[in-house]
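Data file: data.txt. Format and content: compact mmCIF, C-alpha atoms and all ligand atoms.
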```txt
# COMPACT_ATOMS: atom_id res chain seq x y z
CA MET A 1211 -11.69 -15.08 -23.92
CA SER A 1212 -10.53 -18.44 -25.29
CA GLU A 1213 -8.72 -20.95 -23.19
CA THR A 1214 -5.53 -20.19 -25.06
CA GLY A 1215 -5.89 -16.48 -24.45
CA LYS A 1216 -6.40 -17.10 -20.76
CA ASN A 1217 -3.33 -19.31 -20.52
CA MET A 1218 -1.20 -16.76 -22.29
CA ASP A 1219 -2.42 -13.97 -20.04
CA GLU A 1220 -1.58 -16.10 -17.05
CA VAL A 1221 1.88 -16.81 -18.40
CA ARG A 1222 2.40 -13.11 -19.04
CA ASP A 1223 1.19 -12.05 -15.63
CA LEU A 1224 3.12 -14.68 -13.70
CA ALA A 1225 6.30 -14.26 -15.69
CA PRO A 1226 9.21 -13.19 -13.50
CA ARG A 1227 10.76 -9.97 -14.75
CA SER A 1228 14.52 -10.13 -14.93
CA PRO A 1229 16.06 -7.11 -13.24
CA LEU A 1230 18.98 -7.32 -15.63
CA PRO A 1231 18.92 -6.31 -19.26
CA ALA A 1232 19.16 -9.20 -21.70
CA PRO A 1233 22.61 -9.80 -23.16
CA SER A 1234 22.60 -8.28 -26.61
CA SER A 1235 25.01 -7.75 -29.46
CA PRO A 1236 25.70 -4.13 -30.48
CA SER A 1237 23.38 -4.51 -33.45
CA THR A 1238 20.53 -5.96 -31.40
CA PRO A 1239 17.95 -3.63 -29.91
CA ARG A 1240 16.61 -4.37 -26.48
CA SER A 1241 12.99 -5.17 -26.26
CA PRO A 1242 10.88 -2.68 -24.35
CA LEU A 1243 10.81 -5.47 -21.74
CA PRO A 1244 13.83 -7.40 -20.53
CA ALA A 1245 14.39 -10.33 -22.87
CA THR A 1246 13.40 -13.49 -21.04
CA SER A 1247 11.83 -16.56 -22.50
CA SER A 1248 8.70 -15.98 -20.41
CA SER A 1249 8.05 -12.39 -21.45
CA ASN A 1250 9.14 -12.66 -25.08
CA VAL A 1251 7.73 -15.06 -27.63
CA LEU A 1252 10.46 -14.42 -30.22
CA GLU A 1253 13.96 -13.02 -29.91
CA ILE A 1254 15.82 -12.30 -33.15
CA GLN A 1255 19.51 -11.46 -32.90
CA ASP A 1256 21.93 -10.42 -35.62
CA LEU A 1257 19.90 -12.06 -38.42
CA LYS A 1258 21.60 -11.98 -41.80
CA VAL A 1259 19.90 -13.00 -45.03
CA TYR A 1260 21.89 -12.56 -48.22
CA PHE A 1261 20.99 -13.13 -51.88
CA ASN A 1262 23.58 -14.18 -54.41
CA THR A 1263 22.68 -12.19 -57.50
CA ILE A 1264 24.50 -11.42 -60.75
CA GLU A 1265 25.13 -7.94 -59.34
CA GLY A 1266 26.90 -9.52 -56.36
CA GLU A 1267 25.98 -10.34 -52.79
CA LEU A 1268 22.85 -8.49 -51.80
CA ARG A 1269 22.52 -8.06 -48.04
CA ALA A 1270 18.74 -7.82 -47.78
CA VAL A 1271 18.77 -8.36 -44.01
CA ASP A 1272 22.04 -7.46 -42.36
CA GLY A 1273 22.21 -7.87 -38.60
CA VAL A 1274 18.55 -7.45 -37.70
CA GLY A 1275 17.56 -7.94 -34.09
CA PHE A 1276 14.38 -7.32 -32.12
CA SER A 1277 12.22 -9.10 -29.58
CA MET A 1278 8.48 -9.68 -29.70
CA ARG A 1279 6.65 -9.48 -26.40
CA ARG A 1280 4.16 -12.25 -25.79
CA GLY A 1281 0.61 -11.24 -26.65
CA LYS A 1282 1.63 -7.85 -28.06
CA VAL A 1283 1.72 -6.28 -31.52
CA MET A 1284 5.17 -5.47 -32.87
CA ALA A 1285 5.19 -3.31 -36.00
CA LEU A 1286 8.05 -3.54 -38.49
CA VAL A 1287 8.09 -0.39 -40.60
CA GLY A 1288 10.24 1.08 -43.35
CA GLU A 1289 10.26 2.06 -46.99
CA SER A 1290 9.91 -0.41 -49.85
CA GLY A 1291 12.88 -2.77 -50.27
CA CYS A 1292 14.31 -2.31 -46.75
CA GLY A 1293 13.96 -6.03 -45.92
CA LYS A 1294 10.67 -6.30 -44.01
CA SER A 1295 9.28 -9.23 -45.98
CA VAL A 1296 12.61 -11.05 -46.15
CA THR A 1297 12.82 -10.80 -42.34
CA SER A 1298 9.33 -12.23 -41.95
CA TYR A 1299 9.83 -15.04 -44.49
CA SER A 1300 12.99 -15.98 -42.58
CA ILE A 1301 10.95 -16.52 -39.42
CA LEU A 1302 8.93 -19.14 -41.29
CA ARG A 1303 12.01 -20.44 -43.13
CA LEU A 1304 10.47 -19.51 -46.48
CA ILE A 1305 13.65 -17.99 -47.98
CA GLN A 1306 14.49 -19.70 -51.23
CA SER A 1307 17.59 -19.78 -53.40
CA PRO A 1308 19.40 -17.52 -54.29
CA GLY A 1309 18.62 -16.29 -50.76
CA LYS A 1310 20.12 -17.81 -47.64
CA ILE A 1311 20.10 -17.23 -43.89
CA VAL A 1312 23.82 -16.80 -43.30
CA GLY A 1313 23.88 -15.86 -39.62
CA GLY A 1314 22.05 -14.95 -36.45
CA SER A 1315 19.47 -16.58 -34.26
CA MET A 1316 15.69 -16.57 -33.98
CA MET A 1317 14.73 -18.00 -30.60
CA PHE A 1318 11.08 -19.02 -30.50
CA TYR A 1319 9.53 -19.59 -27.07
CA PRO A 1320 6.20 -21.42 -27.40
CA HIS A 1321 4.31 -21.32 -24.10
CA ASP A 1322 3.80 -25.09 -23.96
CA GLU A 1323 6.85 -26.49 -25.76
CA LYS A 1324 10.63 -26.34 -25.65
CA PRO A 1325 12.24 -23.21 -27.14
CA SER A 1326 13.97 -23.60 -30.49
CA ASP A 1327 16.29 -21.55 -32.64
CA ILE A 1328 14.44 -21.33 -35.96
CA ALA A 1329 17.58 -20.07 -37.72
CA LYS A 1330 19.40 -23.30 -36.89
CA LEU A 1331 16.71 -25.71 -38.16
CA SER A 1332 17.28 -27.40 -41.49
CA ASP A 1333 14.85 -26.58 -44.30
CA ASN A 1334 13.10 -29.95 -44.03
CA ASP A 1335 13.22 -30.31 -40.26
CA GLU A 1336 9.94 -31.76 -38.94
CA LEU A 1337 9.82 -29.00 -36.36
CA ILE A 1338 9.61 -26.28 -38.98
CA TYR A 1339 6.53 -27.95 -40.51
CA HIS A 1340 5.02 -28.06 -37.03
CA ILE A 1341 5.83 -24.39 -36.39
CA ARG A 1342 4.83 -23.09 -39.83
CA GLY A 1343 1.05 -22.67 -39.96
CA GLY A 1344 0.56 -24.25 -36.53
CA LYS A 1345 2.60 -22.16 -34.10
CA ILE A 1346 3.47 -19.24 -36.38
CA SER A 1347 1.22 -18.33 -39.29
CA MET A 1348 1.18 -15.59 -41.86
CA ILE A 1349 -1.25 -13.51 -43.81
CA PHE A 1350 -0.05 -12.00 -47.05
CA GLN A 1351 -0.71 -8.73 -48.83
CA GLU A 1352 -2.64 -10.28 -51.70
CA PRO A 1353 -4.89 -13.16 -50.62
CA MET A 1354 -5.29 -14.50 -54.18
CA THR A 1355 -1.60 -15.43 -54.28
CA ALA A 1356 -1.90 -17.36 -51.01
CA LEU A 1357 -5.32 -18.99 -51.51
CA SER A 1358 -5.72 -21.84 -53.99
CA PRO A 1359 -8.13 -20.82 -56.78
CA VAL A 1360 -9.23 -24.43 -57.38
CA HIS A 1361 -10.26 -25.37 -53.83
CA THR A 1362 -13.20 -24.08 -51.81
CA VAL A 1363 -12.37 -21.86 -48.85
CA GLY A 1364 -13.81 -24.55 -46.57
CA ASN A 1365 -11.43 -27.19 -47.92
CA GLN A 1366 -8.48 -24.85 -47.49
CA ILE A 1367 -9.29 -23.92 -43.88
CA CYS A 1368 -10.08 -27.58 -43.03
CA GLU A 1369 -6.77 -28.69 -44.53
CA ALA A 1370 -4.90 -26.24 -42.30
CA ILE A 1371 -6.76 -27.66 -39.27
CA LEU A 1372 -6.22 -31.32 -40.23
CA ILE A 1373 -2.46 -30.82 -40.72
CA HIS A 1374 -1.96 -29.39 -37.26
CA GLN A 1375 -4.71 -30.81 -35.06
CA LYS A 1376 -5.95 -34.30 -34.27
CA VAL A 1377 -9.60 -33.86 -35.22
CA THR A 1378 -12.05 -35.55 -37.61
CA LYS A 1379 -13.07 -33.96 -40.91
CA LYS A 1380 -16.48 -33.13 -39.44
CA GLU A 1381 -14.91 -31.44 -36.42
CA ALA A 1382 -12.56 -29.51 -38.71
CA GLU A 1383 -15.53 -28.28 -40.71
CA ILE A 1384 -17.31 -27.10 -37.57
CA LYS A 1385 -14.15 -25.24 -36.49
CA ALA A 1386 -13.80 -23.68 -39.96
CA ILE A 1387 -17.40 -22.42 -39.85
CA GLU A 1388 -16.89 -21.01 -36.35
CA MET A 1389 -13.73 -19.23 -37.45
CA LEU A 1390 -15.38 -17.75 -40.55
CA ARG A 1391 -18.14 -16.42 -38.32
CA LYS A 1392 -15.54 -14.94 -35.97
CA VAL A 1393 -13.89 -13.01 -38.81
CA GLY A 1394 -17.24 -11.48 -39.73
CA ILE A 1395 -18.31 -13.58 -42.70
CA SER A 1396 -22.08 -13.92 -42.65
CA GLY A 1397 -23.72 -17.22 -43.60
CA PRO A 1398 -20.46 -19.17 -43.14
CA GLU A 1399 -22.28 -22.53 -43.61
CA LYS A 1400 -22.89 -21.52 -47.25
CA ARG A 1401 -19.67 -19.53 -47.80
CA ILE A 1402 -17.58 -22.52 -46.86
CA SER A 1403 -18.34 -24.19 -50.20
CA GLN A 1404 -17.45 -21.13 -52.27
CA TYR A 1405 -14.20 -20.56 -54.18
CA PRO A 1406 -12.01 -17.52 -53.47
CA PHE A 1407 -12.89 -15.94 -56.84
CA GLU A 1408 -16.55 -15.84 -55.77
CA MET A 1409 -15.67 -13.46 -52.91
CA SER A 1410 -14.74 -9.78 -52.66
CA GLY A 1411 -11.17 -8.71 -51.82
CA GLY A 1412 -12.15 -7.83 -48.24
CA MET A 1413 -13.88 -11.18 -47.78
CA ARG A 1414 -10.87 -13.07 -49.13
CA GLN A 1415 -8.64 -11.24 -46.66
CA ARG A 1416 -11.02 -12.28 -43.86
CA VAL A 1417 -10.74 -15.89 -45.09
CA MET A 1418 -6.94 -15.60 -44.94
CA ILE A 1419 -7.15 -14.30 -41.38
CA ALA A 1420 -9.50 -17.18 -40.49
CA MET A 1421 -7.06 -19.68 -42.03
CA ALA A 1422 -4.12 -18.13 -40.21
CA LEU A 1423 -5.81 -18.04 -36.80
CA VAL A 1424 -7.78 -21.29 -36.86
CA CYS A 1425 -4.92 -23.29 -35.30
CA ASN A 1426 -4.45 -20.72 -32.51
CA PRO A 1427 -0.89 -19.74 -33.49
CA GLU A 1428 1.33 -18.03 -30.94
CA ILE A 1429 2.56 -15.58 -33.56
CA LEU A 1430 0.69 -14.12 -36.51
CA ILE A 1431 2.81 -12.42 -39.15
CA ALA A 1432 0.76 -9.94 -41.15
CA ASP A 1433 2.73 -8.63 -44.14
CA GLU A 1434 1.00 -5.46 -45.40
CA PRO A 1435 -2.34 -7.21 -44.84
CA THR A 1436 -4.60 -4.48 -46.15
CA THR A 1437 -2.76 -2.48 -48.80
CA ALA A 1438 -4.70 -4.17 -51.61
CA LEU A 1439 -8.03 -3.10 -50.09
CA ASP A 1440 -9.93 0.16 -50.16
CA VAL A 1441 -9.64 2.48 -47.18
CA THR A 1442 -12.91 1.63 -45.38
CA ILE A 1443 -12.31 -2.12 -45.69
CA GLN A 1444 -8.71 -1.59 -44.51
CA ALA A 1445 -9.98 -0.03 -41.29
CA GLN A 1446 -12.47 -2.89 -40.74
CA ILE A 1447 -9.83 -5.57 -41.27
CA MET A 1448 -7.37 -3.84 -38.93
CA LEU A 1449 -10.04 -3.54 -36.22
CA LEU A 1450 -10.90 -7.21 -36.70
CA MET A 1451 -7.25 -8.21 -36.32
CA LYS A 1452 -6.84 -6.10 -33.20
CA ASN A 1453 -9.98 -7.57 -31.61
CA LEU A 1454 -8.99 -11.15 -32.45
CA GLN A 1455 -5.47 -10.51 -31.16
CA LYS A 1456 -6.89 -9.37 -27.82
CA GLU A 1457 -9.36 -12.23 -27.64
CA LEU A 1458 -6.94 -15.00 -28.57
CA GLY A 1459 -3.79 -13.57 -26.97
CA THR A 1460 -1.85 -13.92 -30.24
CA SER A 1461 1.40 -12.00 -30.69
CA ILE A 1462 1.42 -10.15 -34.02
CA LEU A 1463 4.30 -9.05 -36.20
CA LEU A 1464 2.65 -6.36 -38.30
CA ILE A 1465 4.59 -5.31 -41.37
CA THR A 1466 3.56 -2.00 -42.79
CA HIS A 1467 4.85 1.25 -44.21
CA ASP A 1468 1.83 3.05 -42.76
CA LEU A 1469 2.60 4.79 -39.46
CA GLY A 1470 -1.08 5.64 -39.06
CA VAL A 1471 -1.80 1.90 -38.82
CA VAL A 1472 1.13 1.56 -36.41
CA ALA A 1473 -0.33 4.23 -34.11
CA GLN A 1474 -3.65 2.38 -33.98
CA MET A 1475 -2.42 -1.19 -33.73
CA ALA A 1476 1.08 -1.55 -32.31
CA ASP A 1477 2.51 -1.87 -28.83
CA ASP A 1478 6.14 -1.82 -30.00
CA VAL A 1479 7.84 -0.63 -33.19
CA ALA A 1480 11.03 -1.52 -35.04
CA VAL A 1481 12.04 0.79 -37.88
CA MET A 1482 14.10 -0.73 -40.72
CA TYR A 1483 16.36 0.94 -43.23
CA LEU A 1484 18.54 -0.83 -45.80
CA GLY A 1485 18.43 -4.24 -44.09
CA LYS A 1486 19.02 -2.95 -40.55
CA ILE A 1487 16.91 -1.90 -37.60
CA VAL A 1488 17.60 1.79 -37.01
CA GLU A 1489 15.22 2.47 -34.14
CA CYS A 1490 13.19 0.33 -31.75
CA SER A 1491 10.94 1.18 -28.85
CA ASP A 1492 7.43 1.04 -27.51
CA VAL A 1493 4.98 2.78 -29.81
CA ARG A 1494 4.35 5.77 -27.57
CA SER A 1495 8.03 6.74 -27.23
CA ILE A 1496 8.74 6.29 -30.91
CA LEU A 1497 5.77 8.31 -32.10
CA LYS A 1498 6.09 10.98 -29.44
CA SER A 1499 9.84 11.34 -29.38
CA PRO A 1500 11.61 9.64 -32.29
CA ARG A 1501 15.42 9.65 -31.98
CA HIS A 1502 16.54 8.58 -35.47
CA PRO A 1503 16.24 11.14 -38.29
CA TYR A 1504 14.81 8.44 -40.59
CA THR A 1505 11.93 7.79 -38.17
CA MET A 1506 11.45 11.56 -37.85
CA GLY A 1507 11.25 11.78 -41.65
CA LEU A 1508 8.67 9.00 -41.83
CA LEU A 1509 6.57 10.70 -39.16
CA ALA A 1510 6.89 14.12 -40.75
CA SER A 1511 5.46 12.75 -43.97
CA LEU A 1512 2.38 11.36 -42.29
CA PRO A 1513 -0.81 13.46 -42.39
CA GLY A 1514 -2.19 13.83 -38.87
CA LEU A 1515 1.04 12.95 -37.08
CA ALA A 1516 3.26 15.38 -38.96
CA MET A 1517 5.52 17.44 -36.73
CA ASP A 1518 4.86 20.59 -38.73
CA LYS A 1519 1.12 20.61 -39.29
CA GLN A 1520 1.31 23.22 -42.06
CA ARG A 1521 3.54 21.29 -44.38
CA LEU A 1522 4.07 17.62 -45.14
CA HIS A 1523 7.68 16.61 -45.63
CA SER A 1524 9.11 13.92 -47.78
CA ILE A 1525 12.48 12.35 -47.02
CA LYS A 1526 14.88 13.71 -49.62
CA GLY A 1527 16.40 11.35 -52.20
CA SER A 1528 15.54 7.69 -52.51
CA VAL A 1529 16.63 4.45 -50.93
CA PRO A 1530 20.03 3.48 -52.40
CA SER A 1531 20.59 0.06 -53.95
CA LEU A 1532 21.58 -2.67 -51.53
CA THR A 1533 24.62 -3.30 -53.72
CA ALA A 1534 25.84 0.30 -53.25
CA ILE A 1535 25.32 1.05 -49.57
CA PRO A 1536 26.98 4.37 -48.59
CA PRO A 1537 29.89 4.25 -46.12
CA GLY A 1538 29.40 5.27 -42.51
CA CYS A 1539 25.75 5.77 -41.63
CA PRO A 1540 23.77 4.29 -44.55
CA PHE A 1541 21.18 7.05 -44.15
CA HIS A 1542 23.67 9.92 -44.41
CA PRO A 1543 22.98 11.01 -48.05
CA ARG A 1544 19.34 11.64 -47.09
CA CYS A 1545 19.77 12.92 -43.54
CA GLU A 1546 18.96 16.50 -42.52
CA TYR A 1547 21.33 16.17 -39.54
CA PHE A 1548 24.29 14.81 -41.55
CA LYS A 1549 27.70 15.94 -40.24
CA PRO A 1550 30.57 15.51 -42.73
CA GLY A 1551 33.54 13.64 -41.32
CA LEU A 1552 31.37 12.06 -38.64
CA CYS A 1553 28.42 10.44 -40.37
CA ASP A 1554 30.05 9.41 -43.66
CA VAL A 1555 33.02 7.45 -42.33
CA GLY A 1556 33.63 4.09 -40.70
CA ASN A 1557 31.08 1.40 -39.91
CA PRO A 1558 27.34 1.91 -39.68
CA PRO A 1559 26.39 3.28 -36.25
CA PRO A 1560 25.38 0.49 -33.85
CA LEU A 1561 22.00 0.44 -32.18
CA GLU A 1562 22.44 1.98 -28.78
CA GLU A 1563 20.08 2.55 -25.93
CA ILE A 1564 19.21 6.23 -25.84
CA GLU A 1565 16.62 5.90 -23.10
CA PRO A 1566 15.51 2.81 -21.20
CA GLY A 1567 13.96 0.45 -23.76
CA HIS A 1568 14.51 2.91 -26.64
CA THR A 1569 17.34 2.20 -29.07
CA ALA A 1570 18.55 4.10 -32.13
CA ALA A 1571 21.41 3.66 -34.62
CA CYS A 1572 22.41 7.31 -35.00
CA LEU A 1573 25.64 8.99 -33.92
CA ARG A 1574 23.76 12.15 -33.01
CA ALA A 1575 20.70 10.58 -31.38
CA ARG A 1576 21.58 12.08 -27.99
CA GLU A 1577 21.76 15.66 -29.26
CA ILE A 1578 18.82 15.66 -31.67
CA ARG A 1579 15.28 14.89 -30.69
CA GLY A 1580 12.11 14.78 -32.72
CA GLU A 1581 9.02 16.10 -31.07
CA VAL A 1582 5.65 15.15 -32.39
CA GLY A 1583 3.14 17.64 -31.14
CA LYS A 1584 0.24 15.32 -30.62
CA PHE A 1585 -0.09 11.60 -30.14
N1 LIG B 1601 14.39 -13.61 -54.51
C1 LIG B 1601 15.12 -12.51 -54.44
N2 LIG B 1601 16.24 -12.37 -55.18
C2 LIG B 1601 17.01 -11.26 -55.09
N3 LIG B 1601 16.73 -10.22 -54.28
C3 LIG B 1601 15.63 -10.29 -53.52
C4 LIG B 1601 14.77 -11.44 -53.54
N4 LIG B 1601 13.74 -11.22 -52.68
C5 LIG B 1601 13.97 -10.00 -52.14
N5 LIG B 1601 15.09 -9.46 -52.63
C6 LIG B 1601 15.65 -8.14 -52.29
O1 LIG B 1601 15.72 -8.01 -50.89
C7 LIG B 1601 15.48 -6.66 -50.52
C8 LIG B 1601 14.45 -6.63 -49.44
O2 LIG B 1601 13.20 -7.03 -50.01
P1 LIG B 1601 11.86 -7.11 -49.19
O3 LIG B 1601 10.86 -7.81 -50.04
O4 LIG B 1601 12.11 -7.71 -47.86
O5 LIG B 1601 11.48 -5.59 -49.01
P2 LIG B 1601 10.23 -4.96 -48.23
O6 LIG B 1601 10.79 -4.11 -47.14
O7 LIG B 1601 9.29 -6.04 -47.84
O8 LIG B 1601 9.61 -4.00 -49.32
P3 LIG B 1601 8.07 -3.72 -49.70
O9 LIG B 1601 7.58 -2.68 -48.73
O10 LIG B 1601 8.13 -3.18 -51.10
O11 LIG B 1601 7.29 -5.00 -49.62
C9 LIG B 1601 15.06 -5.92 -51.80
O12 LIG B 1601 16.16 -5.18 -52.26
C10 LIG B 1601 14.71 -7.03 -52.74
O13 LIG B 1601 14.99 -6.64 -54.06
S1 LIG B 1602 24.43 9.15 -37.93
FE1 LIG B 1602 24.44 11.16 -38.91
S2 LIG B 1602 23.64 10.75 -40.99
FE2 LIG B 1602 23.14 8.96 -39.73
S3 LIG B 1602 21.11 9.36 -39.01
FE3 LIG B 1602 22.49 10.12 -37.43
S4 LIG B 1602 22.80 12.28 -37.92
FE4 LIG B 1602 21.91 11.32 -39.72
MG MG B 1603 7.39 -6.60 -48.46
```

Would you mind giving the structure from this file in structure tokens?
Amino acid sequence: MSETGKNMDEVRDLAPRSPLPAPSSPSTPRSPLPATSSSNVLEIQDLKVYFNTIEGELRAVDGVGFSMRRGKVMALVGESGCGKSVTSYSILRLIQSPGKIVGGSMMFYPHDEKPSDIAKLSDNDELIYHIRGGKISMIFQEPMTALSPVHTVGNQICEAILIHQKVTKKEAEIKAIEMLRKVGISGPEKRISQYPFEMSGGMRQRVMIAMALVCNPEILIADEPTTALDVTIQAQIMLLMKNLQKELGTSILLITHDLGVVAQMADDVAVMYLGKIVECSDVRSILKSPRHPYTMGLLASLPGLAMDKQRLHSIKGSVPSLTAIPPGCPFHPRCEYFKPGLCDVGNPPPLEEIEPGHTAACLRAREIRGEVGKF
């Protein structure tokens, strides 16, 4: 285990556990652990990110809150367009006009530095350049859009090292070679002088992972990291990420729509629908006993985890436009448990604790319960 991994384990093990639940707004789910700066690496509360479009104000992220436990994998899941990527870009302050963070907080607790509220930093604050790529890094769905086609992979990894660490070019090159070896690239001394287009998709994704992890970030954001790859390579890359996460002690925010990947990789899960978190818990509770009908629908449509093994379900209807969100519970037009007069009136249901550490934004969460036969 690396020195960093050891330190983080020590921090985690020595961290005092607060007996009291963390203060939270109604729209903010509690972490599976009490929210304290020592046990959580990131605490997002009531995050709002809106886009000014010609169709009007589009509330892509509307009151999102969750906490990431230090050294653990938090999965953010939900259908296309629900706001997963916008949430993750906000953490790195990568939202560009016409988008804007209009409210909320994102408290980041590095283990060796002062905490900071990323939401409150200005776009060109020095601290955000220090955090981005150094303390929090990201791997994207399609490596070709994130890697420069005109620079060798070695130059790109070395540049990331030289920006964030006080080392010589030679030392940076040695680190880059070590990291490429760690992510399973054979002959890294030769590969380092190749361009991304000379590599396969799987290899490029490994290079991205190497680039993201080479500065030992505290948080790695992985936005659909394997969907562009074929199934066998997907499994290899996920295993690699899991092993590196354990070895380095990195906390991962894994964005995916694949609950199979969640079952293999995650410790905690937050489910998003139409810009809001609708359910949040540790992975076992959410997969074994989901409490929000949307999560139940996602699980029922997953081969292998489906509640009814004979028949795969699909959630009826489609995700409505963010400019025409239904009144009451935003999920009500698609919900099998919809109750007229209850679910289609008033404000969206707030996230409430249904069981210790398990929150759901459903008015009927206490009376309905999804049971997944096997997990
Ligand atoms: N630059 C932009 N201008 C206007 N709307 C945007 C912009 N970027 C994102 N959005 C909108 O914000 C909403 C959330 O988008 P986001 O990319 O976060 O979805 P997602 O959950 O990551 O979906 P996917 O699974 O398809 O990647 C979508 O309705 C999208 O159209
Ligand atoms: S509040 Fe009603 S419509 Fe919304 S998820 Fe719960 S049961 Fe379904
Ligand atoms: Mg996305």

Ligand LIG 1601 (chain B): which residues are within 9 Å, counting all atoms listed in the file, as a PyMOL selection string?
-> chain A and resi 1259-1263+1268-1271+1287-1299+1305-1309+1351+1433-1434+1465-1467+1482-1485+1531-1533

Do you have the atom CA of Ser1347 of chain A-atom CA of Met1418 of chain A distance handy?
-> 10.3 Å

I'd like the contact shell of Pro1398 of chain A - 12 Å cut-off, all atoms listed in the file, skipping same-chain residues fewer than 2 positions apart - returned as a compact mmCIF listing (two decimals) with C-alpha atoms, in the frame of the given file.
```
# COMPACT_ATOMS: atom_id res chain seq x y z
CA VAL A 1363 -12.37 -21.86 -48.85
CA GLY A 1364 -13.81 -24.55 -46.57
CA GLU A 1383 -15.53 -28.28 -40.71
CA ILE A 1384 -17.31 -27.10 -37.57
CA LYS A 1385 -14.15 -25.24 -36.49
CA ALA A 1386 -13.80 -23.68 -39.96
CA ILE A 1387 -17.40 -22.42 -39.85
CA GLU A 1388 -16.89 -21.01 -36.35
CA MET A 1389 -13.73 -19.23 -37.45
CA LEU A 1390 -15.38 -17.75 -40.55
CA ARG A 1391 -18.14 -16.42 -38.32
CA LYS A 1392 -15.54 -14.94 -35.97
CA VAL A 1393 -13.89 -13.01 -38.81
CA GLY A 1394 -17.24 -11.48 -39.73
CA ILE A 1395 -18.31 -13.58 -42.70
CA SER A 1396 -22.08 -13.92 -42.65
CA LYS A 1400 -22.89 -21.52 -47.25
CA ARG A 1401 -19.67 -19.53 -47.80
CA ILE A 1402 -17.58 -22.52 -46.86
CA SER A 1403 -18.34 -24.19 -50.20
CA GLN A 1404 -17.45 -21.13 -52.27
CA MET A 1413 -13.88 -11.18 -47.78
CA ARG A 1416 -11.02 -12.28 -43.86
CA VAL A 1417 -10.74 -15.89 -45.09
CA ALA A 1420 -9.50 -17.18 -40.49
```

Chain A near ligand LIG 1602 (chain B) within 10 Å: what's each residue's closest atom pair and its distance in Å to one decimal, counting only C-alpha atoms and all ligand atoms, ordered by chain then ascending residue number, as a Markdown table?
```
| residue | atom | partner | partner_atom | distance |
| --- | --- | --- | --- | --- |
| A:Val1488 | CA | B:LIG1602 | S3 | 8.6 |
| A:Arg1501 | CA | B:LIG1602 | FE3 | 8.9 |
| A:His1502 | CA | B:LIG1602 | S3 | 5.8 |
| A:Pro1503 | CA | B:LIG1602 | S3 | 5.2 |
| A:Tyr1504 | CA | B:LIG1602 | S3 | 6.6 |
| A:Thr1505 | CA | B:LIG1602 | S3 | 9.4 |
| A:Met1506 | CA | B:LIG1602 | S3 | 10.0 |
| A:Gly1538 | CA | B:LIG1602 | FE2 | 7.8 |
| A:Cys1539 | CA | B:LIG1602 | FE2 | 4.5 |
| A:Pro1540 | CA | B:LIG1602 | FE2 | 6.7 |
| A:Phe1541 | CA | B:LIG1602 | FE2 | 5.2 |
| A:His1542 | CA | B:LIG1602 | S2 | 3.5 |
| A:Pro1543 | CA | B:LIG1602 | S2 | 7.1 |
| A:Arg1544 | CA | B:LIG1602 | S2 | 7.5 |
| A:Cys1545 | CA | B:LIG1602 | FE4 | 4.7 |
| A:Glu1546 | CA | B:LIG1602 | FE4 | 6.6 |
| A:Tyr1547 | CA | B:LIG1602 | S4 | 4.5 |
| A:Phe1548 | CA | B:LIG1602 | S2 | 4.1 |
| A:Lys1549 | CA | B:LIG1602 | FE1 | 5.9 |
| A:Pro1550 | CA | B:LIG1602 | FE1 | 8.4 |
| A:Gly1551 | CA | B:LIG1602 | FE1 | 9.7 |
| A:Leu1552 | CA | B:LIG1602 | FE1 | 7.0 |
| A:Cys1553 | CA | B:LIG1602 | FE1 | 4.3 |
| A:Asp1554 | CA | B:LIG1602 | S2 | 7.1 |
| A:Val1555 | CA | B:LIG1602 | S1 | 9.8 |
| A:Pro1558 | CA | B:LIG1602 | S1 | 8.0 |
| A:Pro1559 | CA | B:LIG1602 | S1 | 6.4 |
| A:Pro1560 | CA | B:LIG1602 | S1 | 9.6 |
| A:Ala1570 | CA | B:LIG1602 | FE3 | 8.9 |
| A:Ala1571 | CA | B:LIG1602 | S1 | 7.1 |
| A:Cys1572 | CA | B:LIG1602 | FE3 | 3.7 |
| A:Leu1573 | CA | B:LIG1602 | S1 | 4.2 |
| A:Arg1574 | CA | B:LIG1602 | S4 | 5.0 |
| A:Ala1575 | CA | B:LIG1602 | FE3 | 6.3 |
| A:Arg1576 | CA | B:LIG1602 | FE3 | 9.7 |
| A:Glu1577 | CA | B:LIG1602 | S4 | 9.4 |
| A:Ile1578 | CA | B:LIG1602 | S4 | 8.1 |
```

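Reported to one decimal place, the separation of atom CA of Glu1323 of chain A from atom CA of Thr1460 of chain A is 15.9 Å.
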
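Interatomic distance, atom CA of Cys1425 of chain A against atom CA of Gly1343 of chain A: 7.6 Å.
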
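Counting all atoms listed in the file and comparing A:Ala1382, A:Met1278, A:Val1251, A:Ile1301, the residue that lies closest to Asp1492 of chain A is A:Met1278.
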
With only C-alpha atoms as the counted atoms, please give the residues lying no more than 8 Å from Asp1477 of chain A, apart from itself and same-chain residues fewer than 4 positions off, as a PDB file with C-alpha atoms, in the coordinates of the input.
```
ATOM      1  CA  LYS A1282       1.630  -7.850 -28.060  1.00  0.00           C
ATOM      2  CA  VAL A1283       1.720  -6.280 -31.520  1.00  0.00           C
ATOM      3  CA  MET A1284       5.170  -5.470 -32.870  1.00  0.00           C
ATOM      4  CA  ALA A1285       5.190  -3.310 -36.000  1.00  0.00           C
ATOM      5  CA  ASP A1492       7.430   1.040 -27.510  1.00  0.00           C
ATOM      6  CA  VAL A1493       4.980   2.780 -29.810  1.00  0.00           C
ATOM      7  CA  ARG A1494       4.350   5.770 -27.570  1.00  0.00           C
TER       8      ARG A1494
END
```

Counting all atoms listed in the file, which of A:Leu1497, A:Ile1373, A:Ile1367, A:Val1360 gets nearest to Val1471 of chain A?
-> A:Leu1497
